[in-house]
>>> print(open('coords.csv').read())   # CSV, C-alpha atoms and all ligand atoms
chain,number,residue,atom,x,y,z
Q,1158,MET,CA,126.3,132.9,113.9
Q,1159,ALA,CA,125.2,133.4,117.5
Q,1160,THR,CA,123.5,136.7,118.4
Q,1161,PRO,CA,126.2,139.2,119.5
Q,1162,MET,CA,126.3,139.6,123.3
Q,1163,ARG,CA,124.9,143.0,124.2
Q,1164,THR,CA,127.6,144.8,126.1
Q,1165,ALA,CA,127.5,147.9,128.4
Q,1166,VAL,CA,130.7,150.0,128.5
Q,1167,PHE,CA,131.4,152.1,131.6
Q,1168,VAL,CA,133.6,155.2,131.1
Q,1169,SER,CA,134.8,158.2,133.0
Q,1170,GLY,CA,137.1,160.1,130.6
Q,1171,GLY,CA,138.3,160.5,127.0
Q,1172,GLY,CA,137.0,157.1,125.9
Q,1173,THR,CA,139.9,156.0,123.7
Q,1174,ASN,CA,139.4,152.4,124.9
Q,1175,LEU,CA,135.7,152.7,124.1
Q,1176,GLN,CA,136.7,154.0,120.6
Q,1177,ALA,CA,138.9,151.0,120.2
Q,1178,LEU,CA,135.9,148.8,121.0
Q,1179,LEU,CA,133.6,150.7,118.6
Q,1180,ASP,CA,136.2,150.5,115.8
Q,1181,SER,CA,136.7,146.7,116.4
Q,1182,VAL,CA,133.0,146.0,116.2
Q,1183,GLU,CA,132.9,148.0,113.0
Q,1184,ASN,CA,135.9,146.3,111.4
Q,1185,GLY,CA,134.9,142.8,112.5
Q,1186,THR,CA,137.6,142.2,115.0
Q,1187,VAL,CA,134.8,141.9,117.5
Q,1188,LYS,CA,132.0,139.7,116.1
Q,1189,SER,CA,130.5,138.2,119.2
Q,1190,ALA,CA,129.6,141.4,121.0
Q,1191,GLU,CA,127.8,144.7,120.2
Q,1192,ILE,CA,127.9,147.8,122.3
Q,1193,ALA,CA,124.4,148.2,123.7
Q,1194,CYS,CA,125.0,151.3,125.9
Q,1195,VAL,CA,127.6,153.5,127.4
Q,1196,ILE,CA,127.4,154.7,131.0
Q,1197,SER,CA,129.6,157.4,132.6
Q,1198,ASN,CA,129.9,158.6,136.2
Q,1199,LYS,CA,131.1,161.9,134.8
Q,1200,LYS,CA,128.8,164.3,132.9
Q,1201,ASP,CA,131.6,165.8,130.8
Q,1202,ALA,CA,133.2,162.5,129.7
Q,1203,TYR,CA,134.1,162.8,126.0
Q,1204,ALA,CA,133.5,159.1,125.8
Q,1205,LEU,CA,129.7,159.9,125.9
Q,1206,GLU,CA,130.2,161.9,122.7
Q,1207,ARG,CA,131.9,159.1,121.0
Q,1208,ALA,CA,129.0,156.8,121.7
Q,1209,ARG,CA,126.4,159.4,120.6
Q,1210,LYS,CA,128.2,159.8,117.3
Q,1211,LYS,CA,127.5,156.1,116.7
Q,1212,GLY,CA,123.9,156.3,117.8
Q,1213,ILE,CA,124.6,154.2,120.9
Q,1214,PRO,CA,122.4,155.0,124.0
Q,1215,ALA,CA,124.8,156.9,126.4
Q,1216,LYS,CA,124.0,158.2,129.9
Q,1217,ALA,CA,125.8,160.1,132.6
Q,1218,ILE,CA,124.8,158.9,136.0
Q,1219,THR,CA,126.0,161.1,138.9
Q,1220,GLU,CA,123.6,160.0,141.6
Q,1221,ASN,CA,122.3,156.6,142.7
Q,1222,PHE,CA,124.8,155.2,140.3
Q,1223,GLU,CA,124.3,151.4,141.0
Q,1224,GLU,CA,120.5,151.5,140.9
Q,1225,GLU,CA,120.3,153.8,137.9
Q,1226,ALA,CA,123.0,151.9,136.0
Q,1227,LEU,CA,121.3,148.5,136.6
Q,1228,ARG,CA,118.0,150.1,135.4
Q,1229,PHE,CA,119.6,151.5,132.2
Q,1230,MET,CA,121.4,148.3,131.5
Q,1231,ASP,CA,118.1,146.4,131.9
Q,1232,GLU,CA,116.4,148.7,129.4
Q,1233,CYS,CA,119.3,148.2,127.0
Q,1234,GLY,CA,119.4,144.4,127.5
Q,1235,ALA,CA,123.1,144.4,128.6
Q,1236,GLU,CA,124.5,140.9,129.3
Q,1237,LEU,CA,128.2,141.9,129.8
Q,1238,ILE,CA,130.0,144.9,131.2
Q,1239,VAL,CA,133.3,146.4,130.0
Q,1240,LEU,CA,135.0,149.0,132.3
Q,1241,ALA,CA,137.0,151.2,129.8
Q,1242,GLY,CA,138.8,154.0,131.6
Q,1243,PHE,CA,136.1,153.8,134.4
Q,1244,LEU,CA,137.4,155.5,137.5
Q,1245,SER,CA,135.0,154.4,140.2
Q,1246,ILE,CA,134.6,151.2,142.2
Q,1247,ILE,CA,131.8,148.7,141.1
Q,1248,GLY,CA,129.4,148.1,144.0
Q,1249,LYS,CA,128.1,144.7,145.3
Q,1250,GLY,CA,124.8,145.1,143.4
Q,1251,ILE,CA,126.3,145.2,140.0
Q,1252,LEU,CA,129.0,142.7,140.9
Q,1253,SER,CA,126.4,140.1,141.9
Q,1254,ALA,CA,124.0,140.9,139.0
Q,1255,TYR,CA,126.9,140.5,136.5
Q,1256,LYS,CA,129.0,137.9,138.3
Q,1257,ASP,CA,132.0,136.8,136.1
Q,1258,ARG,CA,130.5,139.1,133.3
Q,1259,ILE,CA,132.5,142.3,134.0
Q,1260,ILE,CA,135.9,142.9,132.5
Q,1261,ASN,CA,138.3,145.8,133.1
Q,1262,ILE,CA,141.4,147.2,131.3
Q,1263,HIS,CA,144.2,148.2,133.6
Q,1264,PRO,CA,147.3,150.2,132.2
Q,1265,ALA,CA,149.9,148.0,133.9
Q,1266,LEU,CA,151.0,144.3,134.2
Q,1267,ILE,CA,148.9,143.2,137.2
Q,1268,PRO,CA,149.9,142.4,140.0
Q,1269,SER,CA,152.4,145.2,139.5
Q,1270,PHE,CA,151.3,148.9,139.8
Q,1271,CYS,CA,147.7,148.2,140.6
Q,1272,GLY,CA,145.2,148.5,143.4
Q,1273,LYS,CA,144.1,151.6,145.4
Q,1274,GLY,CA,145.4,154.8,143.9
Q,1275,TYR,CA,146.8,153.2,140.8
Q,1276,TYR,CA,144.8,154.7,137.9
Q,1277,GLY,CA,145.4,156.9,134.8
Q,1278,LEU,CA,148.7,158.8,134.8
Q,1279,HIS,CA,149.6,157.8,138.4
Q,1280,VAL,CA,150.3,154.3,137.2
Q,1281,HIS,CA,152.9,155.4,134.6
Q,1282,GLU,CA,154.5,157.9,137.1
Q,1283,LYS,CA,155.1,155.0,139.5
Q,1284,VAL,CA,156.4,152.8,136.7
Q,1285,LEU,CA,159.0,155.4,135.8
Q,1286,GLU,CA,159.8,156.1,139.4
Q,1287,TYR,CA,160.6,152.4,140.0
Q,1288,GLY,CA,162.7,152.1,136.9
Q,1289,VAL,CA,161.1,148.9,135.4
Q,1290,LYS,CA,162.1,148.0,131.8
Q,1291,LEU,CA,158.7,146.5,130.9
Q,1292,THR,CA,155.2,147.6,131.6
Q,1293,GLY,CA,152.0,147.0,129.6
Q,1294,ALA,CA,148.3,146.4,130.1
Q,1295,THR,CA,146.0,143.8,131.6
Q,1296,VAL,CA,142.4,142.8,131.0
Q,1297,HIS,CA,140.9,141.0,133.9
Q,1298,PHE,CA,137.5,139.9,135.3
Q,1299,VAL,CA,136.3,142.4,138.0
Q,1300,SER,CA,135.8,141.1,141.5
Q,1301,GLU,CA,135.4,142.7,145.0
Q,1302,GLU,CA,139.1,143.1,145.2
Q,1303,VAL,CA,140.3,146.2,143.2
Q,1304,ASP,CA,142.3,145.0,140.2
Q,1305,GLY,CA,142.3,141.5,141.8
Q,1306,GLY,CA,140.1,139.5,139.5
Q,1307,VAL,CA,141.3,136.6,137.2
Q,1308,ILE,CA,143.5,137.8,134.4
Q,1309,ILE,CA,142.3,137.2,130.9
Q,1310,MET,CA,145.0,138.8,128.7
Q,1311,GLN,CA,148.2,140.9,129.1
Q,1312,LYS,CA,150.5,142.6,126.7
Q,1313,ALA,CA,154.0,144.0,127.5
Q,1314,VAL,CA,155.3,147.4,126.4
Q,1315,GLU,CA,159.0,148.5,126.7
Q,1316,VAL,CA,159.8,151.5,129.0
Q,1317,ARG,CA,162.3,153.9,127.4
Q,1318,HIS,CA,164.8,155.9,129.5
Q,1319,ASP,CA,163.5,159.3,128.2
Q,1320,ASP,CA,159.8,158.5,128.7
Q,1321,THR,CA,157.6,160.9,130.5
Q,1322,PRO,CA,154.4,159.6,132.1
Q,1323,GLU,CA,152.4,161.1,129.2
Q,1324,ILE,CA,154.6,159.5,126.5
Q,1325,LEU,CA,154.5,156.1,128.3
Q,1326,GLN,CA,150.7,156.3,128.8
Q,1327,LYS,CA,150.3,156.9,125.0
Q,1328,ARG,CA,152.5,153.9,124.1
Q,1329,VAL,CA,150.7,151.6,126.6
Q,1330,MET,CA,147.3,152.7,125.1
Q,1331,GLU,CA,148.5,152.3,121.5
Q,1332,GLU,CA,150.6,149.2,121.8
Q,1333,ALA,CA,148.6,147.3,124.4
Q,1334,GLU,CA,145.2,148.6,125.8
Q,1335,TRP,CA,143.6,149.3,122.4
Q,1336,ILE,CA,144.7,145.8,121.1
Q,1337,ILE,CA,144.0,143.5,124.0
Q,1338,LEU,CA,140.6,145.0,125.2
Q,1339,PRO,CA,138.8,144.2,121.9
Q,1340,LYS,CA,140.5,140.8,121.7
Q,1341,ALA,CA,139.5,140.0,125.3
Q,1342,LEU,CA,135.9,141.1,124.7
Q,1343,GLU,CA,135.7,138.9,121.7
Q,1344,LEU,CA,137.0,135.9,123.6
Q,1345,VAL,CA,134.7,136.4,126.6
Q,1346,ALA,CA,131.6,137.2,124.4
Q,1347,SER,CA,132.2,134.1,122.3
Q,1348,GLY,CA,132.4,131.9,125.4
Q,1349,LYS,CA,136.1,131.0,124.8
Q,1350,VAL,CA,137.2,131.9,128.4
Q,1351,LYS,CA,136.7,129.5,131.2
Q,1352,ILE,CA,137.7,130.4,134.8
Q,1353,GLN,CA,139.5,127.6,136.7
Q,1354,GLY,CA,140.4,128.8,140.2
Q,1355,ARG,CA,142.8,131.8,139.7
Q,1356,THR,CA,143.3,131.0,136.0
Q,1357,ALA,CA,141.4,131.9,132.8
Q,1358,ILE,CA,141.6,129.1,130.3
Q,1359,ILE,CA,141.3,130.3,126.7
Q,1360,THR,CA,139.8,127.7,124.4
Q,1361,GLU,CA,140.5,128.9,120.8
Q,1401,LIG,C1,143.7,155.0,130.3
Q,1401,LIG,O1,145.0,155.1,130.9
Q,1401,LIG,C2,143.1,153.6,130.7
Q,1401,LIG,O2,144.1,152.6,130.8
Q,1401,LIG,C3,142.6,153.8,132.1
Q,1401,LIG,O3,142.0,155.1,132.0
Q,1401,LIG,C4,142.8,155.9,131.0
Q,1401,LIG,C5,141.9,156.6,130.1
Q,1401,LIG,O4,141.2,155.7,129.3
Q,1401,LIG,N1,141.8,152.8,132.5
Q,1401,LIG,P1,140.2,156.2,128.1
Q,1401,LIG,O5,140.9,157.0,127.1
Q,1401,LIG,O6,139.1,157.0,128.8
Q,1401,LIG,O7,139.7,154.9,127.5
>>> encode(input="coords.csv", output="structure tokens")
Amino acid sequence: MATPMRTAVFVSGGGTNLQALLDSVENGTVKSAEIACVISNKKDAYALERARKKGIPAKAITENFEEEALRFMDECGAELIVLAGFLSIIGKGILSAYKDRIINIHPALIPSFCGKGYYGLHVHEKVLEYGVKLTGATVHFVSEEVDGGVIIMQKAVEVRHDDTPEILQKRVMEEAEWIILPKALELVASGKVKIQGRTAIITE
């Protein structure tokens, strides 16, 4: 059994996606990765509390984010980065240091409802406004283009006529985000994802 890939998780809010990752490592769904550290750009992110409860090094970085984050990840030996509800743009320094080793969860089916301004509840508000019948979540590699990296995994979720943005967000989290993010991390950490042009090839 190869050594689990040490993974940094970037958060900004409640950390339900982080919790899904922590639970998946604990129950064996994720075997090829371990959470080495958690970094938030917000001091009050409850996600930090979730990490501390598991004894995982957790740090809020509000200044000099890129330099401090790279330093902390170096200390923790992070080899991979997962953006889990992280609401800031990743700079060139981290992008180049972790090229093709950063994945993100987006709460919609990219290329729909993504890009600048599409985050958190705003995504689901736009989904309901447009009247689509299906939405879902996407895990993709992070590149310079916001939400434009190669897609690794997606899962669709039905939109109901009486949904509010809050109800839809909860369904997308429960039925998609919390399922595909751990699965995608396991595939990437176990070396089963190869990028060919714009396509991620999964070799089971
Ligand atoms: C979720 O909608 C997630 O899809 C988005 O940020 C929101 C909060 O995520 N990326 P979390 O509960 O902090 O993981």
>>> residues_near_ligand(input="coords.csv", ligand="ligand LIG 1401 (chain Q)", cutoff="10 Å", atoms="all atoms listed in the file", output="VMD selection string")
chain Q and resid 1167 to 1178 1202 to 1204 1240 to 1244 1261 to 1265 1275 to 1281 1293 to 1296 1323 1325 to 1327 1329 to 1330 1333 to 1335
>>> write_last_selection(input="coords.csv", atoms="C-alpha atoms", output="PDB file, keeping the file's coordinate frame")
ATOM      1  CA  PHE Q1167     131.400 152.100 131.600  1.00  0.00           C
ATOM      2  CA  VAL Q1168     133.600 155.200 131.100  1.00  0.00           C
ATOM      3  CA  SER Q1169     134.800 158.200 133.000  1.00  0.00           C
ATOM      4  CA  GLY Q1170     137.100 160.100 130.600  1.00  0.00           C
ATOM      5  CA  GLY Q1171     138.300 160.500 127.000  1.00  0.00           C
ATOM      6  CA  GLY Q1172     137.000 157.100 125.900  1.00  0.00           C
ATOM      7  CA  THR Q1173     139.900 156.000 123.700  1.00  0.00           C
ATOM      8  CA  ASN Q1174     139.400 152.400 124.900  1.00  0.00           C
ATOM      9  CA  LEU Q1175     135.700 152.700 124.100  1.00  0.00           C
ATOM     10  CA  GLN Q1176     136.700 154.000 120.600  1.00  0.00           C
ATOM     11  CA  ALA Q1177     138.900 151.000 120.200  1.00  0.00           C
ATOM     12  CA  LEU Q1178     135.900 148.800 121.000  1.00  0.00           C
ATOM     13  CA  ALA Q1202     133.200 162.500 129.700  1.00  0.00           C
ATOM     14  CA  TYR Q1203     134.100 162.800 126.000  1.00  0.00           C
ATOM     15  CA  ALA Q1204     133.500 159.100 125.800  1.00  0.00           C
ATOM     16  CA  LEU Q1240     135.000 149.000 132.300  1.00  0.00           C
ATOM     17  CA  ALA Q1241     137.000 151.200 129.800  1.00  0.00           C
ATOM     18  CA  GLY Q1242     138.800 154.000 131.600  1.00  0.00           C
ATOM     19  CA  PHE Q1243     136.100 153.800 134.400  1.00  0.00           C
ATOM     20  CA  LEU Q1244     137.400 155.500 137.500  1.00  0.00           C
ATOM     21  CA  ASN Q1261     138.300 145.800 133.100  1.00  0.00           C
ATOM     22  CA  ILE Q1262     141.400 147.200 131.300  1.00  0.00           C
ATOM     23  CA  HIS Q1263     144.200 148.200 133.600  1.00  0.00           C
ATOM     24  CA  PRO Q1264     147.300 150.200 132.200  1.00  0.00           C
ATOM     25  CA  ALA Q1265     149.900 148.000 133.900  1.00  0.00           C
ATOM     26  CA  TYR Q1275     146.800 153.200 140.800  1.00  0.00           C
ATOM     27  CA  TYR Q1276     144.800 154.700 137.900  1.00  0.00           C
ATOM     28  CA  GLY Q1277     145.400 156.900 134.800  1.00  0.00           C
ATOM     29  CA  LEU Q1278     148.700 158.800 134.800  1.00  0.00           C
ATOM     30  CA  HIS Q1279     149.600 157.800 138.400  1.00  0.00           C
ATOM     31  CA  VAL Q1280     150.300 154.300 137.200  1.00  0.00           C
ATOM     32  CA  HIS Q1281     152.900 155.400 134.600  1.00  0.00           C
ATOM     33  CA  GLY Q1293     152.000 147.000 129.600  1.00  0.00           C
ATOM     34  CA  ALA Q1294     148.300 146.400 130.100  1.00  0.00           C
ATOM     35  CA  THR Q1295     146.000 143.800 131.600  1.00  0.00           C
ATOM     36  CA  VAL Q1296     142.400 142.800 131.000  1.00  0.00           C
ATOM     37  CA  GLU Q1323     152.400 161.100 129.200  1.00  0.00           C
ATOM     38  CA  LEU Q1325     154.500 156.100 128.300  1.00  0.00           C
ATOM     39  CA  GLN Q1326     150.700 156.300 128.800  1.00  0.00           C
ATOM     40  CA  LYS Q1327     150.300 156.900 125.000  1.00  0.00           C
ATOM     41  CA  VAL Q1329     150.700 151.600 126.600  1.00  0.00           C
ATOM     42  CA  MET Q1330     147.300 152.700 125.100  1.00  0.00           C
ATOM     43  CA  ALA Q1333     148.600 147.300 124.400  1.00  0.00           C
ATOM     44  CA  GLU Q1334     145.200 148.600 125.800  1.00  0.00           C
ATOM     45  CA  TRP Q1335     143.600 149.300 122.400  1.00  0.00           C
TER      46      TRP Q1335
END
>>> atom_distance(input="coords.csv", atom1="CA of Ala1193 in chain Q", atom2="CA of Val1307 in chain Q")
24.5 Å
>>> residues_around(input="coords.csv", residues="Val1350 in chain Q", least_positions_apart="6", cutoff="12 Å", atoms="only C-alpha atoms", output="list of chain:residue names")
Q:Asp1257, Q:Arg1258, Q:Ile1260, Q:His1297, Q:Phe1298, Q:Val1307, Q:Ile1308, Q:Ile1309, Q:Met1310, Q:Lys1340, Q:Ala1341, Q:Leu1342, Q:Glu1343, Q:Leu1344, Q:Thr1356, Q:Ala1357, Q:Ile1358, Q:Ile1359, Q:Thr1360, Q:Glu1361
>>> closest_atom_pairs(input="coords.csv", of="range 1204-1298 of chain Q", to="range 1161-1164 of chain Q", cutoff="12 Å", atoms="all atoms listed in the file", output="CSV")
residue,atom,partner,partner_atom,distance
Q:Ile1213,CA,Q:Thr1164,CA,11.2
Q:Pro1214,CA,Q:Thr1164,CA,11.6
Q:Met1230,CA,Q:Thr1164,CA,8.9
Q:Asp1231,CA,Q:Arg1163,CA,10.8
Q:Glu1232,CA,Q:Arg1163,CA,11.5
Q:Cys1233,CA,Q:Arg1163,CA,8.1
Q:Gly1234,CA,Q:Arg1163,CA,6.6
Q:Ala1235,CA,Q:Arg1163,CA,5.0
Q:Glu1236,CA,Q:Arg1163,CA,5.5
Q:Leu1237,CA,Q:Thr1164,CA,4.7
Q:Ile1238,CA,Q:Thr1164,CA,5.6
Q:Val1239,CA,Q:Thr1164,CA,7.1
Q:Leu1240,CA,Q:Thr1164,CA,10.5
Q:Ala1241,CA,Q:Thr1164,CA,12.0
Q:Tyr1255,CA,Q:Thr1164,CA,11.3
Q:Arg1258,CA,Q:Thr1164,CA,9.6
Q:Ile1259,CA,Q:Thr1164,CA,9.6
Q:Ile1260,CA,Q:Thr1164,CA,10.7
>>> residues_around(input="coords.csv", residues="Glu1225 in chain Q", least_positions_apart="4", cutoff="12 Å", atoms="only C-alpha atoms", output="PyMOL selection string")
chain Q and resi 1196-1198+1216-1221+1229-1232+1250-1251
>>> closest_residue(input="coords.csv", among="Q:Ile1267, Q:Gly1305, Q:Ser1189, Q:Gly1272", to="Thr1292 in chain Q", atoms="all atoms listed in the file")
Q:Ile1267
